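Q: This is the content of entry13.cif (mmCIF, C-alpha atoms, pLDDT in the B column; chains and numbers go by the auth columns):
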```cif
data_run
#
loop_
_atom_site.group_PDB
_atom_site.id
_atom_site.type_symbol
_atom_site.label_atom_id
_atom_site.label_comp_id
_atom_site.label_asym_id
_atom_site.label_seq_id
_atom_site.Cartn_x
_atom_site.Cartn_y
_atom_site.Cartn_z
_atom_site.B_iso_or_equiv
_atom_site.auth_seq_id
_atom_site.auth_asym_id
ATOM 1 C CA MET A 1 157.368 158.072 94.111 93.00 1 A
ATOM 2 C CA ILE A 2 155.147 160.225 96.313 98.00 2 A
ATOM 3 C CA ASP A 3 154.941 163.980 95.884 98.00 3 A
ATOM 4 C CA LEU A 4 154.085 165.533 99.246 98.00 4 A
ATOM 5 C CA PHE A 5 152.678 169.044 99.460 98.00 5 A
ATOM 6 C CA TYR A 6 153.708 170.086 102.930 96.00 6 A
ATOM 7 C CA ALA A 7 154.062 172.728 105.582 96.00 7 A
ATOM 8 C CA PRO A 8 155.608 172.090 109.031 96.00 8 A
ATOM 9 C CA THR A 9 152.329 171.878 110.930 96.00 9 A
ATOM 10 C CA PRO A 10 150.917 168.949 112.927 97.00 10 A
ATOM 11 C CA ASN A 11 148.958 167.775 109.896 98.00 11 A
ATOM 12 C CA GLY A 12 152.016 168.064 107.695 97.00 12 A
ATOM 13 C CA HIS A 13 154.156 166.131 110.160 97.00 13 A
ATOM 14 C CA LYS A 14 151.692 163.237 110.117 98.00 14 A
ATOM 15 C CA ILE A 15 152.600 162.401 106.547 98.00 15 A
ATOM 16 C CA THR A 16 156.364 162.719 106.872 98.00 16 A
ATOM 17 C CA LEU A 17 156.134 160.487 109.954 98.00 17 A
ATOM 18 C CA PHE A 18 154.415 157.791 107.904 98.00 18 A
ATOM 19 C CA LEU A 19 156.683 158.141 104.889 98.00 19 A
ATOM 20 C CA GLU A 20 159.805 157.870 107.035 97.00 20 A
ATOM 21 C CA GLU A 21 158.455 154.879 108.955 98.00 21 A
ATOM 22 C CA ALA A 22 157.553 153.119 105.697 98.00 22 A
ATOM 23 C CA GLY A 23 160.783 154.019 103.917 97.00 23 A
ATOM 24 C CA LEU A 24 158.934 155.332 100.865 96.00 24 A
ATOM 25 C CA ASP A 25 160.647 157.592 98.369 96.00 25 A
ATOM 26 C CA TYR A 26 159.079 161.023 98.327 97.00 26 A
ATOM 27 C CA ASN A 27 159.614 164.569 97.166 96.00 27 A
ATOM 28 C CA VAL A 28 158.571 167.449 99.400 96.00 28 A
ATOM 29 C CA HIS A 29 156.954 170.537 97.918 96.00 29 A
ATOM 30 C CA ARG A 30 156.810 173.290 100.512 96.00 30 A
ATOM 31 C CA ILE A 31 153.520 175.178 100.625 97.00 31 A
ATOM 32 C CA ASP A 32 154.103 178.555 102.245 96.00 32 A
ATOM 33 C CA ILE A 33 150.742 179.155 103.864 94.00 33 A
ATOM 34 C CA GLY A 34 151.902 182.563 105.101 93.00 34 A
ATOM 35 C CA LYS A 35 152.299 183.683 101.486 96.00 35 A
ATOM 36 C CA GLY A 36 149.050 182.093 100.317 96.00 36 A
ATOM 37 C CA ASP A 37 150.516 179.227 98.290 97.00 37 A
ATOM 38 C CA GLN A 38 147.511 177.133 99.331 97.00 38 A
ATOM 39 C CA PHE A 39 145.258 179.274 97.140 97.00 39 A
ATOM 40 C CA ARG A 40 147.225 178.834 93.940 97.00 40 A
ATOM 41 C CA PRO A 41 145.251 177.061 91.185 97.00 41 A
ATOM 42 C CA GLU A 42 147.836 174.296 90.797 96.00 42 A
ATOM 43 C CA PHE A 43 147.540 173.428 94.488 97.00 43 A
ATOM 44 C CA LEU A 44 143.753 173.686 94.516 98.00 44 A
ATOM 45 C CA ALA A 45 143.663 171.145 91.694 97.00 45 A
ATOM 46 C CA ILE A 46 145.145 168.661 94.176 97.00 46 A
ATOM 47 C CA ALA A 47 143.643 169.943 97.437 98.00 47 A
ATOM 48 C CA PRO A 48 140.339 171.742 96.760 98.00 48 A
ATOM 49 C CA ASN A 49 139.913 172.603 100.460 98.00 49 A
ATOM 50 C CA ASN A 50 143.126 174.701 100.232 97.00 50 A
ATOM 51 C CA LYS A 51 144.709 172.918 103.202 97.00 51 A
ATOM 52 C CA ILE A 52 147.900 170.952 103.561 98.00 52 A
ATOM 53 C CA PRO A 53 148.869 168.158 103.399 98.00 53 A
ATOM 54 C CA ALA A 54 148.156 166.611 100.045 98.00 54 A
ATOM 55 C CA ILE A 55 149.944 163.943 98.055 98.00 55 A
ATOM 56 C CA VAL A 56 150.241 162.728 94.521 98.00 56 A
ATOM 57 C CA ASP A 57 151.054 159.040 94.182 98.00 57 A
ATOM 58 C CA ASN A 58 152.780 158.709 90.832 97.00 58 A
ATOM 59 C CA LEU A 59 152.637 154.908 90.907 95.00 59 A
ATOM 60 C CA PRO A 60 149.248 153.880 92.290 97.00 60 A
ATOM 61 C CA ALA A 61 148.345 150.207 92.379 95.00 61 A
ATOM 62 C CA ASP A 62 145.831 150.446 89.536 95.00 62 A
ATOM 63 C CA GLY A 63 148.486 151.680 87.109 94.00 63 A
ATOM 64 C CA SER A 64 146.171 154.345 85.728 95.00 64 A
ATOM 65 C CA GLY A 65 148.382 157.364 86.218 96.00 65 A
ATOM 66 C CA PRO A 66 149.004 159.737 89.135 97.00 66 A
ATOM 67 C CA LEU A 67 146.467 159.840 91.953 98.00 67 A
ATOM 68 C CA SER A 68 146.050 162.908 94.170 98.00 68 A
ATOM 69 C CA ILE A 69 144.668 162.762 97.716 98.00 69 A
ATOM 70 C CA PHE A 70 143.982 165.477 100.275 98.00 70 A
ATOM 71 C CA GLU A 71 142.993 165.354 103.986 98.00 71 A
ATOM 72 C CA SER A 72 145.567 163.887 106.374 98.00 72 A
ATOM 73 C CA GLY A 73 143.425 161.004 107.642 98.00 73 A
ATOM 74 C CA ALA A 74 142.581 159.896 104.113 98.00 74 A
ATOM 75 C CA ILE A 75 146.245 160.108 103.129 98.00 75 A
ATOM 76 C CA LEU A 76 147.358 158.001 106.090 98.00 76 A
ATOM 77 C CA LEU A 77 144.743 155.351 105.381 98.00 77 A
ATOM 78 C CA TYR A 78 145.643 155.295 101.682 98.00 78 A
ATOM 79 C CA LEU A 79 149.360 154.939 102.380 98.00 79 A
ATOM 80 C CA ALA A 80 148.790 152.236 104.991 98.00 80 A
ATOM 81 C CA GLU A 81 146.725 150.219 102.528 98.00 81 A
ATOM 82 C CA LYS A 82 149.209 150.850 99.706 98.00 82 A
ATOM 83 C CA THR A 83 152.164 149.593 101.748 98.00 83 A
ATOM 84 C CA ASN A 84 150.449 147.113 104.089 98.00 84 A
ATOM 85 C CA LEU A 85 152.199 148.907 106.935 98.00 85 A
ATOM 86 C CA LEU A 86 151.105 150.600 110.168 98.00 86 A
ATOM 87 C CA LEU A 87 147.559 149.262 110.029 98.00 87 A
ATOM 88 C CA SER A 88 146.921 145.841 111.522 97.00 88 A
ATOM 89 C CA LYS A 89 145.330 143.115 109.435 96.00 89 A
ATOM 90 C CA ASP A 90 143.640 141.771 112.557 97.00 90 A
ATOM 91 C CA LEU A 91 139.954 142.698 112.354 98.00 91 A
ATOM 92 C CA ARG A 92 139.630 144.075 115.877 97.00 92 A
ATOM 93 C CA GLU A 93 142.919 145.942 116.051 97.00 93 A
ATOM 94 C CA ARG A 94 142.279 147.454 112.618 98.00 94 A
ATOM 95 C CA ALA A 95 138.836 148.642 113.749 98.00 95 A
ATOM 96 C CA HIS A 96 140.260 150.102 116.960 98.00 96 A
ATOM 97 C CA THR A 97 143.036 151.828 115.035 98.00 97 A
ATOM 98 C CA LEU A 98 140.612 153.432 112.608 98.00 98 A
ATOM 99 C CA GLN A 99 138.310 154.678 115.339 98.00 99 A
ATOM 100 C CA TRP A 100 141.252 156.410 117.066 98.00 100 A
ATOM 101 C CA LEU A 101 142.438 157.813 113.751 98.00 101 A
ATOM 102 C CA PHE A 102 139.022 159.391 113.220 98.00 102 A
ATOM 103 C CA TRP A 103 138.929 160.519 116.863 98.00 103 A
ATOM 104 C CA GLN A 104 142.069 162.504 116.188 98.00 104 A
ATOM 105 C CA VAL A 105 140.851 163.915 112.891 98.00 105 A
ATOM 106 C CA GLY A 106 137.405 164.830 114.195 97.00 106 A
ATOM 107 C CA GLY A 107 138.175 165.951 117.737 98.00 107 A
ATOM 108 C CA PHE A 108 141.683 165.964 119.147 98.00 108 A
ATOM 109 C CA GLY A 109 143.262 167.981 116.346 98.00 109 A
ATOM 110 C CA PRO A 110 140.495 170.544 115.807 97.00 110 A
ATOM 111 C CA MET A 111 139.988 171.235 119.515 98.00 111 A
ATOM 112 C CA LEU A 112 143.711 171.585 120.221 98.00 112 A
ATOM 113 C CA GLY A 113 143.942 173.838 117.181 97.00 113 A
ATOM 114 C CA GLN A 114 141.278 176.119 118.645 97.00 114 A
ATOM 115 C CA ASN A 115 143.110 176.098 121.985 97.00 115 A
ATOM 116 C CA HIS A 116 146.292 177.167 120.227 95.00 116 A
ATOM 117 C CA HIS A 117 144.538 179.870 118.234 96.00 117 A
ATOM 118 C CA PHE A 118 142.731 181.551 121.116 97.00 118 A
ATOM 119 C CA ASN A 119 145.741 181.330 123.432 94.00 119 A
ATOM 120 C CA HIS A 120 148.336 182.618 120.992 95.00 120 A
ATOM 121 C CA PHE A 121 146.923 184.169 117.815 93.00 121 A
ATOM 122 C CA ALA A 122 143.485 185.674 118.385 95.00 122 A
ATOM 123 C CA PRO A 123 143.640 189.456 117.872 94.00 123 A
ATOM 124 C CA GLN A 124 141.516 189.944 120.994 95.00 124 A
ATOM 125 C CA THR A 125 141.514 188.072 124.292 95.00 125 A
ATOM 126 C CA VAL A 126 138.331 186.047 124.524 96.00 126 A
ATOM 127 C CA PRO A 127 138.198 184.509 128.033 96.00 127 A
ATOM 128 C CA TYR A 128 135.163 182.341 127.253 97.00 128 A
ATOM 129 C CA ALA A 129 136.867 180.761 124.226 97.00 129 A
ATOM 130 C CA ILE A 130 140.160 180.297 126.064 96.00 130 A
ATOM 131 C CA GLU A 131 138.419 178.526 128.944 97.00 131 A
ATOM 132 C CA ARG A 132 136.169 176.456 126.674 98.00 132 A
ATOM 133 C CA TYR A 133 138.991 175.041 124.581 98.00 133 A
ATOM 134 C CA GLN A 134 141.329 174.608 127.530 98.00 134 A
ATOM 135 C CA VAL A 135 138.754 172.483 129.355 98.00 135 A
ATOM 136 C CA GLU A 136 138.107 170.449 126.211 98.00 136 A
ATOM 137 C CA THR A 137 141.848 169.984 125.636 98.00 137 A
ATOM 138 C CA GLN A 138 142.221 168.625 129.163 98.00 138 A
ATOM 139 C CA ARG A 139 139.263 166.301 128.652 98.00 139 A
ATOM 140 C CA LEU A 140 140.723 164.932 125.419 98.00 140 A
ATOM 141 C CA TYR A 141 144.134 164.348 126.992 98.00 141 A
ATOM 142 C CA GLY A 142 142.270 162.425 129.686 98.00 142 A
ATOM 143 C CA VAL A 143 140.575 160.286 127.043 98.00 143 A
ATOM 144 C CA LEU A 144 143.956 159.660 125.413 98.00 144 A
ATOM 145 C CA ASN A 145 145.555 158.792 128.743 98.00 145 A
ATOM 146 C CA ARG A 146 142.856 156.267 129.647 98.00 146 A
ATOM 147 C CA GLN A 147 143.261 154.488 126.321 98.00 147 A
ATOM 148 C CA LEU A 148 147.032 154.326 126.684 98.00 148 A
ATOM 149 C CA GLU A 149 146.675 152.896 130.175 98.00 149 A
ATOM 150 C CA LYS A 150 144.946 149.923 128.541 98.00 150 A
ATOM 151 C CA SER A 151 147.272 149.305 125.601 98.00 151 A
ATOM 152 C CA PRO A 152 150.774 150.400 124.547 98.00 152 A
ATOM 153 C CA TRP A 153 149.493 152.026 121.356 98.00 153 A
ATOM 154 C CA LEU A 154 146.200 153.637 120.453 98.00 154 A
ATOM 155 C CA GLY A 155 144.947 150.764 118.321 97.00 155 A
ATOM 156 C CA GLY A 156 146.280 148.029 120.580 97.00 156 A
ATOM 157 C CA GLN A 157 149.612 146.222 120.456 97.00 157 A
ATOM 158 C CA GLU A 158 151.066 147.788 117.307 97.00 158 A
ATOM 159 C CA TYR A 159 152.302 151.272 116.471 98.00 159 A
ATOM 160 C CA SER A 160 149.938 152.538 113.804 98.00 160 A
ATOM 161 C CA ILE A 161 148.554 155.409 111.779 98.00 161 A
ATOM 162 C CA ALA A 162 146.416 156.352 114.803 98.00 162 A
ATOM 163 C CA ASP A 163 149.554 157.080 116.833 98.00 163 A
ATOM 164 C CA ILE A 164 151.159 158.860 113.885 98.00 164 A
ATOM 165 C CA ALA A 165 148.089 161.080 113.479 98.00 165 A
ATOM 166 C CA THR A 166 147.865 161.981 117.158 98.00 166 A
ATOM 167 C CA TYR A 167 151.496 162.483 118.154 98.00 167 A
ATOM 168 C CA PRO A 168 152.178 165.748 116.251 98.00 168 A
ATOM 169 C CA TRP A 169 149.317 167.440 118.080 98.00 169 A
ATOM 170 C CA THR A 170 150.897 166.601 121.439 98.00 170 A
ATOM 171 C CA VAL A 171 154.303 168.031 120.529 98.00 171 A
ATOM 172 C CA SER A 172 153.087 171.528 121.460 96.00 172 A
ATOM 173 C CA HIS A 173 151.583 170.408 124.771 98.00 173 A
ATOM 174 C CA GLU A 174 153.325 173.185 126.692 97.00 174 A
ATOM 175 C CA ARG A 175 151.757 175.863 124.474 96.00 175 A
ATOM 176 C CA GLN A 176 148.414 174.129 125.076 97.00 176 A
ATOM 177 C CA ARG A 177 149.062 174.601 128.822 96.00 177 A
ATOM 178 C CA ILE A 178 149.241 170.843 129.301 98.00 178 A
ATOM 179 C CA ASP A 179 151.684 169.208 131.726 98.00 179 A
ATOM 180 C CA LEU A 180 152.306 165.678 130.474 98.00 180 A
ATOM 181 C CA ALA A 181 153.206 164.619 134.020 98.00 181 A
ATOM 182 C CA THR A 182 149.474 164.871 134.724 98.00 182 A
ATOM 183 C CA TYR A 183 148.891 162.226 132.034 98.00 183 A
ATOM 184 C CA PRO A 184 151.591 159.604 132.692 98.00 184 A
ATOM 185 C CA ALA A 185 150.449 157.106 130.065 98.00 185 A
ATOM 186 C CA VAL A 186 150.486 159.854 127.432 98.00 186 A
ATOM 187 C CA LYS A 187 153.930 160.962 128.599 98.00 187 A
ATOM 188 C CA ASN A 188 155.327 157.440 128.223 98.00 188 A
ATOM 189 C CA TRP A 189 153.735 157.061 124.774 98.00 189 A
ATOM 190 C CA PHE A 190 154.985 160.495 123.718 98.00 190 A
ATOM 191 C CA GLU A 191 158.560 159.707 124.729 98.00 191 A
ATOM 192 C CA ARG A 192 158.537 156.374 122.904 98.00 192 A
ATOM 193 C CA ILE A 193 157.408 158.004 119.664 98.00 193 A
ATOM 194 C CA HIS A 194 159.787 160.946 120.103 98.00 194 A
ATOM 195 C CA SER A 195 162.735 158.539 120.326 98.00 195 A
ATOM 196 C CA ARG A 196 161.936 156.651 117.105 98.00 196 A
ATOM 197 C CA PRO A 197 164.526 157.289 114.357 98.00 197 A
ATOM 198 C CA ALA A 198 161.762 157.864 111.797 98.00 198 A
ATOM 199 C CA THR A 199 160.305 160.598 114.006 98.00 199 A
ATOM 200 C CA GLU A 200 163.630 162.393 114.111 97.00 200 A
ATOM 201 C CA ARG A 201 163.991 162.158 110.339 97.00 201 A
ATOM 202 C CA ALA A 202 160.431 163.383 109.792 97.00 202 A
ATOM 203 C CA TYR A 203 160.911 166.470 111.929 95.00 203 A
ATOM 204 C CA GLN A 204 164.175 167.257 110.197 92.00 204 A
ATOM 205 C CA GLN A 205 162.106 168.063 107.102 82.00 205 A
ATOM 206 C CA ALA A 206 160.836 171.158 108.894 76.00 206 A
ATOM 207 C CA GLU A 207 164.429 172.317 109.361 74.00 207 A
ATOM 208 C CA ILE A 208 165.593 171.499 105.822 65.00 208 A
ATOM 209 C CA LEU A 209 162.862 173.374 103.962 54.00 209 A
#
```
What is this structure when it is put down as structure tokens?
A:
Amino acid sequence: MIDLFYAPTPNGHKITLFLEEAGLDYNVHRIDIGKGDQFRPEFLAIAPNNKIPAIVDNLPADGSGPLSIFESGAILLYLAEKTNLLLSKDLRERAHTLQWLFWQVGGFGPMLGQNHHFNHFAPQTVPYAIERYQVETQRLYGVLNRQLEKSPWLGGQEYSIADIATYPWTVSHERQRIDLATYPAVKNWFERIHSRPATERAYQQAEIL
């Protein structure tokens, strides 16, 4: 059984997407970041960076008691290796998948997050920041589009943790001032993931909690 410490953000959705695809049993513990739940000592013991998501695997493979993991990329990699799902065993496709996973974690997510912040939440309008992150968002969507023109999924021929990590950040493309019609390969990829039953179930968690 997996205990998932969750809020309905792109990083939170990554983990429910994986868990639903893999069919793993899990319990969701809602972390209300608006109320500061992420700073409570019991959560910090699991996620010292005070960010969601985090998990506790109560039945890790080594049998040595519960194992806690924070950081969404690390969680996805751990779960893929635990289940032997959504990460190819082929050397080259695995390597490609991991590089796109880290591309999302290191670039796509943070830059789109800054775009979202300065467009919608900054207490003052900062034209330089808005322009900077809008241009970078467009560049990154271009990078994503070029990759998806070459292969159906980010890592190659198989749906993987790289796609799972990236998709939730594209869900808010309209608020990022991105028209997916400008990136047709991304649009096709987005629609295919959106239509997966596991995706629907994962996003229902945001409505249940």
Q: Write out as a PDB file with C-alpha atoms, in the frame of the given file the residues lying within 8 Å of Glu20 (chain A), counting all atoms listed in the file and excluding same-chain residues fewer than 2 positions away.
A:
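Printed below is result_4.pdb as written:
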```
ATOM      1  CA  THR A  16     156.364 162.719 106.872  1.00 98.00           C
ATOM      2  CA  LEU A  17     156.134 160.487 109.954  1.00 98.00           C
ATOM      3  CA  PHE A  18     154.415 157.791 107.904  1.00 98.00           C
ATOM      4  CA  ALA A  22     157.553 153.119 105.697  1.00 98.00           C
ATOM      5  CA  GLY A  23     160.783 154.019 103.917  1.00 97.00           C
ATOM      6  CA  LEU A  24     158.934 155.332 100.865  1.00 96.00           C
ATOM      7  CA  ALA A 198     161.762 157.864 111.797  1.00 98.00           C
ATOM      8  CA  THR A 199     160.305 160.598 114.006  1.00 98.00           C
ATOM      9  CA  ARG A 201     163.991 162.158 110.339  1.00 97.00           C
ATOM     10  CA  ALA A 202     160.431 163.383 109.792  1.00 97.00           C
TER      11      ALA A 202
END
```
Q: Could you list, as a ChimeraX atom specification, every residue within 10 Å of Lys187 (chain A), counting only C-alpha atoms and ignoring same-chain residues fewer than 5 positions away?
A: /A:145,148,170,179-182,192
Q: Find the spatial neighbours of Ile2 (chain A), counting all atoms listed in the file, within a cut-off of 10 Å - ignore same-chain residues fewer than 5 positions away - and output them as a list in words.
A: Leu19, Leu24, Asp25, Tyr26, Asn27, Val28, Ile55, Val56, Asp57, Asn58, Leu59, Pro60, Pro66, Leu67, Ser68 and Leu79 of chain A
Q: Using only C-alpha atoms, pick whichever of A:Asn115, A:Gln205, A:Asn188, A:Thr137 has the shortest atom-to-atom distance to Trp153 (chain A).
A: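 Distance minimum relative to Trp153 (chain A) lands on A:Asn188.
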Q: Using the chain letters and numbering of this document, enumerate as a PyMOL selection string the residues selected by the PyMOL selection byres ((chain A and resi 30) around 7).
A: chain A and resi 5-7+28-29+31-32+209
Q: Once you have the residues from the selection above, write them out as a tab-separated table (two decimals), keeping the file's coordinate frame, restricted to C-alpha atoms.
A:
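File produced: again.tsv:
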```
chain	number	residue	atom	x	y	z
A	5	PHE	CA	152.68	169.04	99.46
A	6	TYR	CA	153.71	170.09	102.93
A	7	ALA	CA	154.06	172.73	105.58
A	28	VAL	CA	158.57	167.45	99.40
A	29	HIS	CA	156.95	170.54	97.92
A	31	ILE	CA	153.52	175.18	100.62
A	32	ASP	CA	154.10	178.56	102.24
A	209	LEU	CA	162.86	173.37	103.96
```
Q: Take the PyMOL selection byres ((chain A and resi 152) around 12), run it mentally on this structure, and tell me the resulting residues as a list in words.
A: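 Selection result, ordered by chain and number: Leu144, Asn145, Arg146, Gln147, Leu148, Glu149, Lys150, Ser151, Trp153, Leu154, Gly155, Gly156, Gln157, Glu158, Tyr159, Ser160, Asp163, Ala185, Val186, Lys187, Asn188, Trp189, Phe190, Arg192 and Ile193 of chain A.
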Q: Identify all residues satisfying the PyMOL selection byres ((chain A and resi 162) around 9) in the given file; provide them as JSON, numbers by chain.
A: {"A": [76, 86, 87, 97, 98, 99, 100, 101, 102, 103, 104, 153, 154, 155, 159, 160, 161, 163, 164, 165, 166, 167]}
Q: Could those residues be written to a file, using C-alpha atoms, as a short mmCIF file (atom, residue, chain, number, x, y, z; two decimals), in the frame of the given file?
A:
```cif
data_model
loop_
_atom_site.label_atom_id
_atom_site.label_comp_id
_atom_site.auth_asym_id
_atom_site.auth_seq_id
_atom_site.Cartn_x
_atom_site.Cartn_y
_atom_site.Cartn_z
CA LEU A 76 147.36 158.00 106.09
CA LEU A 86 151.10 150.60 110.17
CA LEU A 87 147.56 149.26 110.03
CA THR A 97 143.04 151.83 115.04
CA LEU A 98 140.61 153.43 112.61
CA GLN A 99 138.31 154.68 115.34
CA TRP A 100 141.25 156.41 117.07
CA LEU A 101 142.44 157.81 113.75
CA PHE A 102 139.02 159.39 113.22
CA TRP A 103 138.93 160.52 116.86
CA GLN A 104 142.07 162.50 116.19
CA TRP A 153 149.49 152.03 121.36
CA LEU A 154 146.20 153.64 120.45
CA GLY A 155 144.95 150.76 118.32
CA TYR A 159 152.30 151.27 116.47
CA SER A 160 149.94 152.54 113.80
CA ILE A 161 148.55 155.41 111.78
CA ASP A 163 149.55 157.08 116.83
CA ILE A 164 151.16 158.86 113.88
CA ALA A 165 148.09 161.08 113.48
CA THR A 166 147.86 161.98 117.16
CA TYR A 167 151.50 162.48 118.15
#
```
Q: Using all atoms listed in the file, pick whichever of A:Val105, A:Ile75, A:Ile178, A:Ile52 has the shortest atom-to-atom distance to Gly142 (chain A).
A: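 Of all the options, A:Ile178 lies closest to Gly142 (chain A).
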Q: When you count all atoms listed in the file, which of these residues is closest to Met111 (chain A): A:Tyr78, A:Gln38, A:Leu140, A:Tyr128?
A: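 Nearest candidate to Met111 (chain A) out of A:Tyr78, A:Gln38, A:Leu140, A:Tyr128: A:Leu140.
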Q: Hey, can you check how far CA of Leu91 (chain A) sits from CA of Asp62 (chain A)?
A: 24.8 Å
Q: Grab the CA of Leu85 (chain A) to CA of Met1 (chain A) distance for me, in Å with one decimal place.
A: 16.6 Å
Q: In terms of the shortest atom-to-atom distance over all atoms listed in the file, which of A:Gly36, A:Pro48, A:Pro53, A:Pro41 is closest to Leu4 (chain A)?
A: A:Pro53
Q: Of the residues A:Arg177, A:Glu136, A:Glu93, A:Asn84, which is the one nearest to Asn119 (chain A), using only C-alpha atoms?
A: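 Selected residue with least distance to Asn119 (chain A): A:Arg177.
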Q: Would you compute an axis-aligned box for region 178-186 of chain A, covering every atom listed for it in the file with 6 Å of margin on each side, and report centre and edge lengths in Å to one decimal as AutoDock Vina command-line options?
A:
```
--center_x 151.0 --center_y 164.0 --center_z 131.1 --size_x 16.3 --size_y 25.7 --size_z 19.3
```
Q: Separation of CA of Pro110 (chain A) and CA of Gln134 (chain A), in Å?
A: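 Between CA of Pro110 (chain A) and CA of Gln134 (chain A) the gap works out to 12.4 Å.
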